[in-house]
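Raw contents of final04.txt, compact mmCIF, C-alpha atoms and all ligand atoms:
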```
# COMPACT_ATOMS: atom_id res chain seq x y z
CA MET A 1 -206.61 36.32 -37.27
CA LYS A 2 -210.03 35.66 -35.86
CA ILE A 3 -211.52 39.12 -35.37
CA LEU A 4 -214.67 40.14 -33.53
CA VAL A 5 -216.10 43.41 -34.86
CA THR A 6 -218.76 45.00 -32.68
CA GLY A 7 -221.02 47.37 -34.60
CA GLY A 8 -219.86 45.80 -37.86
CA ALA A 9 -223.13 46.58 -39.66
CA GLY A 10 -222.60 50.33 -39.29
CA TYR A 11 -221.13 53.01 -41.54
CA VAL A 12 -217.46 52.25 -40.74
CA GLY A 13 -218.01 48.56 -39.91
CA SER A 14 -219.69 47.62 -43.18
CA THR A 15 -216.70 49.00 -45.10
CA LEU A 16 -214.17 47.45 -42.69
CA VAL A 17 -215.59 43.90 -42.67
CA PRO A 18 -215.15 43.20 -46.43
CA LEU A 19 -211.62 44.62 -46.20
CA LEU A 20 -210.67 42.30 -43.31
CA LEU A 21 -212.19 39.30 -45.11
CA ALA A 22 -210.24 40.20 -48.27
CA GLU A 23 -207.07 40.24 -46.17
CA GLY A 24 -207.77 36.63 -45.18
CA HIS A 25 -209.08 37.13 -41.63
CA ARG A 26 -212.07 35.34 -40.15
CA VAL A 27 -214.60 37.91 -39.00
CA THR A 28 -217.51 37.70 -36.59
CA VAL A 29 -219.80 40.70 -36.39
CA VAL A 30 -221.99 41.35 -33.37
CA ASP A 31 -224.49 44.12 -33.95
CA SER A 32 -227.96 44.99 -32.67
CA LEU A 33 -228.82 46.48 -36.11
CA LEU A 34 -230.03 49.90 -34.97
CA HIS A 35 -229.90 51.04 -38.60
CA GLY A 36 -230.60 47.74 -40.33
CA GLY A 37 -228.33 44.94 -41.51
CA GLU A 38 -228.54 45.09 -45.32
CA ALA A 39 -225.06 46.60 -45.39
CA LEU A 40 -223.67 43.12 -44.66
CA LEU A 41 -225.44 41.25 -47.48
CA GLY A 42 -222.34 41.48 -49.69
CA VAL A 43 -220.30 39.34 -47.29
CA TRP A 44 -223.11 37.02 -46.21
CA ALA A 45 -222.01 34.04 -48.31
CA ASN A 46 -218.34 34.30 -47.33
CA PRO A 47 -217.48 31.19 -45.25
CA ALA A 48 -215.02 33.24 -43.16
CA PHE A 49 -217.85 35.57 -42.07
CA GLU A 50 -220.22 35.03 -39.17
CA PHE A 51 -223.01 37.29 -37.97
CA VAL A 52 -224.53 37.37 -34.51
CA ARG A 53 -227.43 39.67 -33.85
CA GLY A 54 -226.78 40.82 -30.34
CA ASP A 55 -226.49 43.73 -27.97
CA VAL A 56 -223.17 44.57 -26.35
CA ARG A 57 -225.15 45.30 -23.19
CA ASP A 58 -225.77 41.54 -22.98
CA HIS A 59 -222.39 40.76 -21.44
CA GLY A 60 -223.05 37.01 -21.29
CA GLN A 61 -223.77 36.83 -25.00
CA VAL A 62 -220.63 38.80 -25.85
CA ARG A 63 -218.50 36.71 -23.45
CA ALA A 64 -219.56 33.56 -25.31
CA LEU A 65 -218.16 34.98 -28.58
CA LEU A 66 -214.67 35.70 -27.24
CA PRO A 67 -212.91 32.32 -26.89
CA GLY A 68 -210.43 31.89 -29.75
CA VAL A 69 -210.68 35.54 -30.81
CA ASP A 70 -207.30 37.20 -31.55
CA ALA A 71 -208.54 40.76 -32.00
CA VAL A 72 -211.57 42.83 -31.08
CA VAL A 73 -212.46 45.94 -33.08
CA HIS A 74 -214.96 47.80 -30.93
CA LEU A 75 -217.13 50.07 -33.07
CA ALA A 76 -220.57 49.53 -31.50
CA ALA A 77 -221.81 52.72 -29.91
CA ILE A 78 -224.50 55.31 -29.84
CA VAL A 79 -222.66 57.53 -32.30
CA GLY A 80 -222.53 61.31 -32.34
CA ASP A 81 -223.33 64.17 -29.98
CA PRO A 82 -227.03 64.49 -30.93
CA ALA A 83 -227.76 60.74 -30.65
CA CYS A 84 -226.10 60.57 -27.21
CA ALA A 85 -227.85 63.73 -26.00
CA ARG A 86 -231.20 62.24 -26.97
CA ASP A 87 -230.80 59.19 -24.73
CA PRO A 88 -228.04 59.71 -22.17
CA GLU A 89 -228.90 56.62 -20.14
CA LEU A 90 -228.70 54.30 -23.15
CA SER A 91 -225.52 56.03 -24.32
CA ARG A 92 -223.80 55.50 -20.98
CA ALA A 93 -224.92 51.87 -20.89
CA VAL A 94 -223.65 51.17 -24.43
CA ASN A 95 -220.65 53.46 -24.83
CA LEU A 96 -219.32 53.33 -21.28
CA GLU A 97 -220.51 50.37 -19.22
CA SER A 98 -220.61 47.83 -22.04
CA SER A 99 -217.22 48.96 -23.35
CA LEU A 100 -215.70 48.52 -19.87
CA ALA A 101 -217.24 45.04 -19.62
CA LEU A 102 -216.01 44.12 -23.12
CA ILE A 103 -212.46 45.19 -22.23
CA GLU A 104 -212.54 43.13 -19.04
CA GLU A 105 -214.01 40.05 -20.74
CA SER A 106 -211.59 40.33 -23.67
CA ARG A 107 -208.60 40.33 -21.34
CA LYS A 108 -209.94 37.36 -19.40
CA ALA A 109 -210.52 35.45 -22.65
CA GLY A 110 -206.92 36.04 -23.77
CA VAL A 111 -207.74 38.37 -26.67
CA SER A 112 -204.48 39.95 -27.80
CA ARG A 113 -205.39 43.08 -29.73
CA PHE A 114 -208.16 45.51 -28.85
CA ILE A 115 -208.89 48.44 -31.14
CA PHE A 116 -211.26 51.07 -29.86
CA ALA A 117 -212.97 53.56 -32.19
CA SER A 118 -212.51 56.91 -30.50
CA THR A 119 -212.85 60.36 -32.01
CA CYS A 120 -210.94 63.59 -32.65
CA SER A 121 -213.88 65.44 -31.13
CA ASN A 122 -212.27 64.54 -27.80
CA TYR A 123 -210.06 67.59 -28.42
CA GLY A 124 -213.02 69.93 -28.13
CA ARG A 125 -211.61 73.34 -28.81
CA MET A 126 -207.98 74.07 -29.64
CA THR A 127 -206.41 76.59 -27.29
CA ASP A 128 -204.06 77.97 -29.95
CA PRO A 129 -206.07 78.68 -33.12
CA THR A 130 -202.88 79.07 -35.17
CA SER A 131 -201.64 75.58 -34.38
CA TYR A 132 -202.61 71.89 -34.52
CA VAL A 133 -203.57 69.50 -31.73
CA ASP A 134 -201.89 66.11 -31.56
CA GLU A 135 -202.15 62.95 -29.45
CA ASP A 136 -200.38 64.64 -26.52
CA SER A 137 -202.66 67.67 -26.48
CA GLU A 138 -205.11 68.16 -23.67
CA LEU A 139 -208.52 66.55 -24.19
CA SER A 140 -211.54 68.67 -23.61
CA PRO A 141 -214.71 66.66 -24.28
CA VAL A 142 -217.76 68.90 -24.58
CA SER A 143 -220.47 66.26 -25.00
CA LEU A 144 -221.56 63.04 -23.37
CA TYR A 145 -220.46 61.24 -26.56
CA ALA A 146 -216.87 62.50 -26.25
CA GLU A 147 -216.84 62.04 -22.46
CA THR A 148 -217.57 58.33 -22.84
CA LYS A 149 -214.86 58.02 -25.51
CA VAL A 150 -212.27 59.74 -23.29
CA ALA A 151 -213.16 57.51 -20.33
CA ILE A 152 -212.70 54.31 -22.36
CA GLU A 153 -209.43 55.54 -23.85
CA LYS A 154 -208.09 56.16 -20.32
CA THR A 155 -209.09 52.69 -19.14
CA LEU A 156 -207.42 51.10 -22.15
CA LEU A 157 -204.19 53.04 -21.76
CA GLN A 158 -204.00 52.16 -18.07
CA SER A 159 -204.52 48.50 -18.93
CA ALA A 160 -201.70 48.36 -21.48
CA SER A 161 -198.95 45.91 -20.65
CA HIS A 162 -196.54 44.55 -23.22
CA ASN A 163 -195.74 41.47 -21.17
CA GLY A 164 -199.27 40.27 -20.68
CA GLY A 165 -199.89 39.90 -24.41
CA TRP A 166 -202.67 42.48 -24.20
CA CYS A 167 -202.39 45.16 -26.86
CA PRO A 168 -204.99 47.92 -26.62
CA THR A 169 -205.03 50.76 -29.18
CA PRO A 170 -207.49 53.67 -29.12
CA LEU A 171 -207.85 55.32 -32.54
CA ARG A 172 -209.11 58.91 -32.72
CA PHE A 173 -210.83 59.15 -36.08
CA ALA A 174 -211.36 62.36 -37.97
CA THR A 175 -214.98 62.92 -39.05
CA VAL A 176 -215.69 60.30 -41.66
CA PHE A 177 -217.12 60.88 -45.16
CA GLY A 178 -217.72 58.94 -48.37
CA VAL A 179 -219.89 56.12 -49.63
CA SER A 180 -220.26 53.02 -47.46
CA ASN A 181 -222.52 49.97 -47.54
CA ARG A 182 -224.46 51.57 -44.69
CA MET A 183 -224.77 55.14 -45.89
CA ARG A 184 -224.89 58.09 -43.50
CA PHE A 185 -226.11 61.49 -44.69
CA ASP A 186 -225.79 63.09 -41.25
CA LEU A 187 -222.00 63.47 -41.47
CA THR A 188 -220.82 66.92 -42.52
CA VAL A 189 -219.27 66.25 -45.95
CA ASN A 190 -221.98 63.78 -47.00
CA GLU A 191 -224.77 65.98 -45.64
CA PHE A 192 -223.53 69.23 -47.21
CA THR A 193 -223.04 67.51 -50.59
CA MET A 194 -226.44 65.81 -50.54
CA GLU A 195 -228.28 68.96 -49.43
CA MET A 196 -226.60 71.29 -51.91
CA LEU A 197 -227.38 68.87 -54.75
CA THR A 198 -230.92 67.81 -53.81
CA LYS A 199 -232.44 70.73 -51.87
CA LYS A 200 -230.33 73.41 -53.57
CA HIS A 201 -230.21 74.99 -50.15
CA LEU A 202 -227.95 74.57 -47.15
CA ILE A 203 -227.71 76.33 -43.81
CA VAL A 204 -224.22 76.29 -42.33
CA PHE A 205 -223.67 77.09 -38.67
CA GLY A 206 -220.24 78.40 -37.73
CA GLU A 207 -218.55 78.30 -41.12
CA GLN A 208 -215.18 79.34 -39.69
CA PHE A 209 -214.69 76.33 -37.41
CA TRP A 210 -212.13 73.66 -38.24
CA ARG A 211 -212.48 69.89 -38.32
CA PRO A 212 -210.38 67.08 -39.82
CA TYR A 213 -211.99 64.59 -42.23
CA ILE A 214 -211.22 61.06 -43.43
CA HIS A 215 -212.73 58.84 -46.11
CA VAL A 216 -214.54 55.78 -44.75
CA ARG A 217 -212.31 53.39 -46.73
CA ASP A 218 -209.22 55.08 -45.30
CA ALA A 219 -210.71 54.80 -41.80
CA ALA A 220 -211.11 51.06 -42.43
CA ARG A 221 -207.56 50.85 -43.86
CA GLY A 222 -206.29 52.58 -40.71
CA ILE A 223 -207.83 49.87 -38.54
CA ALA A 224 -206.39 47.12 -40.75
CA LYS A 225 -202.98 48.80 -40.59
CA VAL A 226 -203.01 48.83 -36.78
CA LEU A 227 -204.12 45.18 -36.69
CA ALA A 228 -201.14 44.27 -38.90
CA ALA A 229 -198.57 46.37 -37.02
CA PRO A 230 -196.04 44.88 -34.61
CA VAL A 231 -197.51 44.86 -31.10
CA GLU A 232 -194.74 47.04 -29.66
CA LYS A 233 -195.57 49.83 -32.09
CA VAL A 234 -199.26 50.06 -31.20
CA SER A 235 -199.80 48.66 -27.71
CA GLY A 236 -200.98 51.34 -25.30
CA LYS A 237 -200.60 54.06 -27.94
CA VAL A 238 -203.24 56.46 -29.16
CA PHE A 239 -203.26 57.39 -32.84
CA ASN A 240 -205.16 60.13 -34.59
CA VAL A 241 -206.41 58.62 -37.86
CA GLY A 242 -206.60 61.04 -40.76
CA SER A 243 -204.30 63.35 -42.70
CA THR A 244 -202.99 66.75 -41.63
CA ASP A 245 -203.79 68.28 -45.03
CA GLN A 246 -207.46 67.26 -44.73
CA ASN A 247 -208.44 69.77 -42.02
CA PHE A 248 -211.04 72.19 -43.34
CA GLN A 249 -213.35 74.96 -42.26
CA LYS A 250 -217.01 74.40 -43.16
CA GLN A 251 -216.80 77.34 -45.57
CA GLN A 252 -214.03 75.51 -47.44
CA LEU A 253 -216.21 72.40 -47.74
CA VAL A 254 -218.96 74.50 -49.31
CA ASP A 255 -216.42 75.96 -51.75
CA MET A 256 -215.33 72.44 -52.75
CA ILE A 257 -218.93 71.28 -53.27
CA ARG A 258 -219.88 74.43 -55.20
CA PRO A 259 -218.72 73.21 -58.66
CA HIS A 260 -221.09 70.22 -58.27
CA ALA A 261 -224.04 72.45 -57.29
CA PRO A 262 -223.48 75.92 -58.80
CA ASP A 263 -227.11 76.98 -58.27
CA ALA A 264 -227.38 75.99 -54.58
CA GLN A 265 -228.11 78.73 -52.06
CA VAL A 266 -225.97 78.58 -48.95
CA GLU A 267 -226.88 80.53 -45.87
CA PHE A 268 -224.18 81.10 -43.28
CA VAL A 269 -225.25 81.55 -39.68
CA ARG A 270 -222.33 83.07 -37.83
CA LYS A 271 -221.62 81.49 -34.48
CA GLN A 272 -219.08 83.18 -32.26
CA GLU A 273 -218.66 80.23 -29.97
CA ASP A 274 -218.38 76.62 -30.96
CA PRO A 275 -217.12 74.33 -28.25
CA ARG A 276 -215.66 72.14 -31.01
CA ASP A 277 -213.04 73.76 -33.18
CA TYR A 278 -209.95 71.70 -33.82
CA ARG A 279 -207.24 71.28 -36.41
CA VAL A 280 -205.48 67.98 -35.95
CA CYS A 281 -201.97 66.75 -36.71
CA PHE A 282 -201.79 63.16 -38.02
CA SER A 283 -198.04 62.71 -38.27
CA ARG A 284 -197.80 60.03 -35.54
CA ILE A 285 -199.67 57.35 -37.52
CA GLN A 286 -197.87 58.35 -40.67
CA GLN A 287 -194.44 58.10 -39.09
CA ALA A 288 -195.00 55.06 -36.88
CA LEU A 289 -197.05 52.94 -39.30
CA ASN A 290 -196.46 54.60 -42.66
CA PHE A 291 -200.20 55.24 -42.93
CA GLN A 292 -201.29 57.49 -45.77
CA ILE A 293 -204.78 58.31 -46.90
CA THR A 294 -205.84 57.38 -50.43
CA ARG A 295 -208.82 59.73 -50.88
CA THR A 296 -209.14 63.44 -50.23
CA VAL A 297 -212.26 65.32 -49.18
CA ALA A 298 -212.53 66.69 -52.74
CA GLU A 299 -212.56 63.13 -54.09
CA GLY A 300 -215.12 62.08 -51.47
CA ILE A 301 -217.38 64.97 -52.48
CA GLU A 302 -217.18 63.82 -56.07
CA GLU A 303 -218.06 60.26 -55.01
CA VAL A 304 -221.06 61.36 -52.93
CA ALA A 305 -222.24 63.79 -55.63
CA HIS A 306 -222.11 60.93 -58.16
CA LEU A 307 -224.18 58.75 -55.80
CA VAL A 308 -226.75 61.51 -55.29
CA ARG A 309 -227.05 62.21 -59.03
CA SER A 310 -227.40 58.53 -59.93
CA ASN A 311 -230.90 58.38 -58.36
CA ILE A 312 -230.41 54.97 -56.78
CA ILE A 313 -231.46 56.37 -53.39
CA CYS A 314 -235.12 57.39 -53.42
CA ASP A 315 -235.43 59.13 -50.08
CA PHE A 316 -232.40 60.84 -48.55
CA SER A 317 -234.44 61.84 -45.51
CA ASP A 318 -235.06 58.18 -44.60
CA LYS A 319 -234.06 57.84 -40.97
CA ARG A 320 -231.85 54.81 -41.66
CA PHE A 321 -229.36 57.24 -43.26
CA ARG A 322 -228.91 59.26 -40.09
CA ASN A 323 -228.12 58.44 -36.46
N1 LIG B 1 -218.53 58.22 -38.39
C1 LIG B 1 -217.65 59.06 -37.87
O1 LIG B 1 -217.46 60.20 -38.36
C2 LIG B 1 -216.85 58.65 -36.68
C3 LIG B 1 -215.81 59.50 -36.25
C4 LIG B 1 -215.06 59.15 -35.13
C5 LIG B 1 -215.33 57.97 -34.47
N2 LIG B 1 -216.33 57.15 -34.89
C6 LIG B 1 -216.62 55.92 -34.15
O2 LIG B 1 -216.57 54.81 -35.04
C7 LIG B 1 -217.53 53.83 -34.62
C8 LIG B 1 -218.45 53.50 -35.79
O3 LIG B 1 -219.15 54.68 -36.20
P1 LIG B 1 -220.17 54.65 -37.42
O4 LIG B 1 -220.13 55.96 -38.07
O5 LIG B 1 -219.92 53.41 -38.20
O6 LIG B 1 -221.56 54.54 -36.64
P2 LIG B 1 -222.84 53.66 -36.95
O7 LIG B 1 -223.92 54.18 -36.08
O8 LIG B 1 -223.08 53.60 -38.42
O9 LIG B 1 -222.44 52.22 -36.46
C9 LIG B 1 -222.57 51.78 -35.12
C10 LIG B 1 -223.07 50.36 -35.13
O10 LIG B 1 -223.14 49.94 -33.77
C11 LIG B 1 -224.34 49.20 -33.61
N3 LIG B 1 -224.77 49.27 -32.22
C12 LIG B 1 -225.20 50.35 -31.53
N4 LIG B 1 -225.52 50.00 -30.28
C13 LIG B 1 -225.27 48.67 -30.17
C14 LIG B 1 -225.41 47.75 -29.11
N5 LIG B 1 -225.89 48.10 -27.91
N6 LIG B 1 -225.04 46.46 -29.33
C15 LIG B 1 -224.57 46.08 -30.55
N7 LIG B 1 -224.44 46.92 -31.59
C16 LIG B 1 -224.78 48.20 -31.40
C17 LIG B 1 -225.34 49.87 -34.55
O11 LIG B 1 -226.41 48.97 -34.86
C18 LIG B 1 -224.47 50.23 -35.73
O12 LIG B 1 -224.50 49.20 -36.71
C19 LIG B 1 -218.26 54.42 -33.42
O13 LIG B 1 -217.70 53.91 -32.24
C20 LIG B 1 -217.99 55.91 -33.54
O14 LIG B 1 -218.03 56.55 -32.30
C21 LIG B 1 -217.09 57.46 -36.00
```
Output the file's structure in the form of structure tokens.
Ligand SMILES: NC(=O)c1ccc[n+]([C@@H]2O[C@H](COP(=O)([O-])OP(=O)(O)OC[C@H]3O[C@@H](n4cnc5c(N)ncnc54)[C@H](O)[C@@H]3O)[C@@H](O)[C@H]2O)c1
Amino acid sequence: MKILVTGGAGYVGSTLVPLLLAEGHRVTVVDSLLHGGEALLGVWANPAFEFVRGDVRDHGQVRALLPGVDAVVHLAAIVGDPACARDPELSRAVNLESSLALIEESRKAGVSRFIFASTCSNYGRMTDPTSYVDEDSELSPVSLYAETKVAIEKTLLQSASHNGGWCPTPLRFATVFGVSNRMRFDLTVNEFTMEMLTKKHLIVFGEQFWRPYIHVRDAARGIAKVLAAPVEKVSGKVFNVGSTDQNFQKQQLVDMIRPHAPDAQVEFVRKQEDPRDYRVCFSRIQQALNFQITRTVAEGIEEVAHLVRSNIICDFSDKRFRN
């Protein structure tokens, strides 16, 4: 397939792009390089790879890239609650308005598959703390970031039509961890591991709250799996992407990191209320597409700890490692 990946220079994108190229696809990345573009150097010389520095808010530029494209993987966004809260206007323009325009232009250009990177944080807070939320559970976005994700999911699901050859699939990713070509140390597992190893001190807010986690290579494999699936299995369907046994409380993450940093001091700041507390069921993607993860959180911690100890990153506080 010819695949357009928006945001392909980012944390997920820079792991996804080499995977898609290895599977024999032609890949064009459009990215404005908010966090730099070095993450793509490893695929630069591949003749099946093309890079366009561009902003998804420039609808004309994006439109010009769409003819002949079979699939769009839409990752470009202002990512995370804090980043969106800092610049709501930009976040709406990128995450909402540009995504709506990209959907419209993709349909007009005859793009068949459209994968949208959504998030499990759309679930907000589970109503039954003893149970799991799944794709049919009520969404309760508690941030601008999640609100924009929910709005785009709705538009995509309404647009689904098997007959028209248009196959939209929103994927709700668990929180991602692990080593990628563009590294992020602002994601919980990576951040906790890095801080416990380097600063020997970590402050954890709301250690009892649940979240699901997925390794960045498994997130990329999930996208590739959906791209390869028969249209009727994925068109107009939402999938949580992760593994039911990889839901953890923050306290449990600390316990898993502890053997790598036995002398680190961890301070727990009890929070009674967290608007985001969710344990997620991932059986739909497993049953429909036979998707299984290949790396657990414990393995990801080991991988990140190894990276931190190897001293190949000089300054973990560099702002290119956080959104
Ligand atoms: N990382 C996670 O834990 C996680 C979890 C759930 C969902 N997601 C979603 O997956 C996608 C990728 O996340 P990530 O962690 O790789 O984030 P990232 O910030 O590393 O990557 C986003 C990329 O989009 C690019 N971008 C931003 N604004 C742009 C614009 N206007 N035009 C063109 N490019 C632009 C950035 O330069 C960056 O390379 C996002 O849509 C995110 O919401 C991520």
Which residues are near A:Thr155? Cut-off 12 Å, all atoms listed in the file, ignore same chain within fewer than 4 positions. Put them as a short mmCIF file (atom, residue, chain, number, x, y, z; two decimals) with C-alpha atoms, in the frame of the given file.
```
data_model
loop_
_atom_site.label_atom_id
_atom_site.label_comp_id
_atom_site.auth_asym_id
_atom_site.auth_seq_id
_atom_site.Cartn_x
_atom_site.Cartn_y
_atom_site.Cartn_z
CA LEU A 96 -219.32 53.33 -21.28
CA GLU A 97 -220.51 50.37 -19.22
CA SER A 99 -217.22 48.96 -23.35
CA LEU A 100 -215.70 48.52 -19.87
CA ALA A 101 -217.24 45.04 -19.62
CA LEU A 102 -216.01 44.12 -23.12
CA ILE A 103 -212.46 45.19 -22.23
CA GLU A 104 -212.54 43.13 -19.04
CA PHE A 116 -211.26 51.07 -29.86
CA THR A 148 -217.57 58.33 -22.84
CA LYS A 149 -214.86 58.02 -25.51
CA VAL A 150 -212.27 59.74 -23.29
CA ALA A 151 -213.16 57.51 -20.33
CA SER A 159 -204.52 48.50 -18.93
CA ALA A 160 -201.70 48.36 -21.48
CA PRO A 168 -204.99 47.92 -26.62
CA THR A 169 -205.03 50.76 -29.18
CA PRO A 170 -207.49 53.67 -29.12
CA GLY A 236 -200.98 51.34 -25.30
#
```
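For the atom pair formed by atom CA of A:Asn46 and atom N2 of ligand LIG 1 (chain B), the distance is 26.1 Å, given to one decimal.
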Discussion item. If we count all atoms listed in the file and set the cut-off at 7 Å, which residues sit around stretch 192-197 of chain A, ignoring sequence neighbours fewer than 6 positions away in its own chain? Please answer as a VMD selection string.
Written reply: chain A and resid 257 261 264 301 304 to 305 308
Item to complete: Counting only C-alpha atoms and all ligand atoms, figure out which residue out of A:Pro88, A:Gly300, A:Gly10, A:Gly24 gets nearest to ligand LIG 1 (chain B).
Response: A:Gly10
Worksheet item: atom CA of A:Ala219 and atom CA of A:Ile203 are how many Å apart?
Response: 27.5 Å
Discussion item. Neighbouring residues of A:Arg295 were defined as those with any atom within 9 Å, considering only C-alpha atoms; residues of the same chain fewer than 2 positions away were excluded. Please report them as a VMD selection string.
Written reply: chain A and resid 214 to 215 217 to 218 293 297 to 300
Worksheet entry | Pick from A:Leu16, A:Ile78, A:Val280, A:Ala71, whichever lies nearest to ligand LIG 1 (chain B) using all atoms listed in the file |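 Looking at the shortest contact to ligand LIG 1 (chain B), the residue is A:Ile78.
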Discussion item. Residues near A:Ala117, anyone? I mean within 8 Å using all atoms listed in the file, not counting same-chain ones fewer than 4 positions away, as a list in words.
Written reply: Val73, His74, Leu75, Pro170, Leu171, Arg172 and Phe173 of chain A
Those same residues - C-alpha atoms - I'd like them written as an mmCIF file, in the coordinates of the input.
```cif
data_model
loop_
_atom_site.group_PDB
_atom_site.id
_atom_site.type_symbol
_atom_site.label_atom_id
_atom_site.label_comp_id
_atom_site.auth_asym_id
_atom_site.auth_seq_id
_atom_site.Cartn_x
_atom_site.Cartn_y
_atom_site.Cartn_z
ATOM 1 C CA VAL A 73 -212.460 45.940 -33.080
ATOM 2 C CA HIS A 74 -214.960 47.800 -30.930
ATOM 3 C CA LEU A 75 -217.130 50.070 -33.070
ATOM 4 C CA PRO A 170 -207.490 53.670 -29.120
ATOM 5 C CA LEU A 171 -207.850 55.320 -32.540
ATOM 6 C CA ARG A 172 -209.110 58.910 -32.720
ATOM 7 C CA PHE A 173 -210.830 59.150 -36.080
#
```
Could you pull stretch 57-75 of chain A out of the block above and save it with N, CA and C atoms, as a PDB file, in the first residue's frame?
```pdb
ATOM      1  N   ARG A  57      -2.324  21.777   9.417  1.00  0.00           N
ATOM      2  CA  ARG A  57      -3.251  22.926   9.321  1.00  0.00           C
ATOM      3  C   ARG A  57      -3.226  23.552   7.932  1.00  0.00           C
ATOM      4  N   ASP A  58      -2.215  23.206   7.132  1.00  0.00           N
ATOM      5  CA  ASP A  58      -2.144  23.688   5.748  1.00  0.00           C
ATOM      6  C   ASP A  58      -2.892  22.675   4.876  1.00  0.00           C
ATOM      7  N   HIS A  59      -4.208  22.861   4.764  1.00  0.00           N
ATOM      8  CA  HIS A  59      -5.043  21.843   4.134  1.00  0.00           C
ATOM      9  C   HIS A  59      -4.680  21.635   2.672  1.00  0.00           C
ATOM     10  N   GLY A  60      -4.261  22.707   2.004  1.00  0.00           N
ATOM     11  CA  GLY A  60      -3.871  22.598   0.593  1.00  0.00           C
ATOM     12  C   GLY A  60      -2.654  21.698   0.426  1.00  0.00           C
ATOM     13  N   GLN A  61      -1.698  21.869   1.296  1.00  0.00           N
ATOM     14  CA  GLN A  61      -0.470  21.059   1.213  1.00  0.00           C
ATOM     15  C   GLN A  61      -0.799  19.576   1.449  1.00  0.00           C
ATOM     16  N   VAL A  62      -1.653  19.329   2.428  1.00  0.00           N
ATOM     17  CA  VAL A  62      -2.009  17.940   2.740  1.00  0.00           C
ATOM     18  C   VAL A  62      -2.824  17.338   1.577  1.00  0.00           C
ATOM     19  N   ARG A  63      -3.750  18.129   1.028  1.00  0.00           N
ATOM     20  CA  ARG A  63      -4.580  17.653  -0.092  1.00  0.00           C
ATOM     21  C   ARG A  63      -3.698  17.162  -1.245  1.00  0.00           C
ATOM     22  N   ALA A  64      -2.628  17.899  -1.493  1.00  0.00           N
ATOM     23  CA  ALA A  64      -1.739  17.566  -2.617  1.00  0.00           C
ATOM     24  C   ALA A  64      -1.018  16.237  -2.404  1.00  0.00           C
ATOM     25  N   LEU A  65      -0.947  15.758  -1.162  1.00  0.00           N
ATOM     26  CA  LEU A  65      -0.245  14.491  -0.888  1.00  0.00           C
ATOM     27  C   LEU A  65      -1.165  13.274  -1.025  1.00  0.00           C
ATOM     28  N   LEU A  66      -2.473  13.504  -1.153  1.00  0.00           N
ATOM     29  CA  LEU A  66      -3.415  12.385  -1.035  1.00  0.00           C
ATOM     30  C   LEU A  66      -3.658  11.549  -2.299  1.00  0.00           C
ATOM     31  N   PRO A  67      -3.550  12.113  -3.505  1.00  0.00           N
ATOM     32  CA  PRO A  67      -3.830  11.269  -4.673  1.00  0.00           C
ATOM     33  C   PRO A  67      -2.936  10.031  -4.702  1.00  0.00           C
ATOM     34  N   GLY A  68      -3.563   8.872  -4.927  1.00  0.00           N
ATOM     35  CA  GLY A  68      -2.803   7.616  -4.998  1.00  0.00           C
ATOM     36  C   GLY A  68      -2.555   6.966  -3.650  1.00  0.00           C
ATOM     37  N   VAL A  69      -2.944   7.639  -2.562  1.00  0.00           N
ATOM     38  CA  VAL A  69      -2.727   7.072  -1.227  1.00  0.00           C
ATOM     39  C   VAL A  69      -3.830   6.049  -0.912  1.00  0.00           C
ATOM     40  N   ASP A  70      -3.426   4.864  -0.436  1.00  0.00           N
ATOM     41  CA  ASP A  70      -4.401   3.823  -0.068  1.00  0.00           C
ATOM     42  C   ASP A  70      -4.853   3.967   1.378  1.00  0.00           C
ATOM     43  N   ALA A  71      -3.919   4.394   2.245  1.00  0.00           N
ATOM     44  CA  ALA A  71      -4.243   4.444   3.680  1.00  0.00           C
ATOM     45  C   ALA A  71      -3.597   5.665   4.319  1.00  0.00           C
ATOM     46  N   VAL A  72      -4.354   6.284   5.219  1.00  0.00           N
ATOM     47  CA  VAL A  72      -3.814   7.375   6.038  1.00  0.00           C
ATOM     48  C   VAL A  72      -3.754   6.885   7.476  1.00  0.00           C
ATOM     49  N   VAL A  73      -2.610   7.091   8.117  1.00  0.00           N
ATOM     50  CA  VAL A  73      -2.499   6.840   9.561  1.00  0.00           C
ATOM     51  C   VAL A  73      -2.298   8.211  10.194  1.00  0.00           C
ATOM     52  N   HIS A  74      -3.308   8.658  10.912  1.00  0.00           N
ATOM     53  CA  HIS A  74      -3.300  10.045  11.397  1.00  0.00           C
ATOM     54  C   HIS A  74      -2.846  10.094  12.860  1.00  0.00           C
ATOM     55  N   LEU A  75      -1.552  10.417  13.013  1.00  0.00           N
ATOM     56  CA  LEU A  75      -0.960  10.506  14.356  1.00  0.00           C
ATOM     57  C   LEU A  75      -0.717  11.956  14.776  1.00  0.00           C
TER      58      LEU A  75
END
```
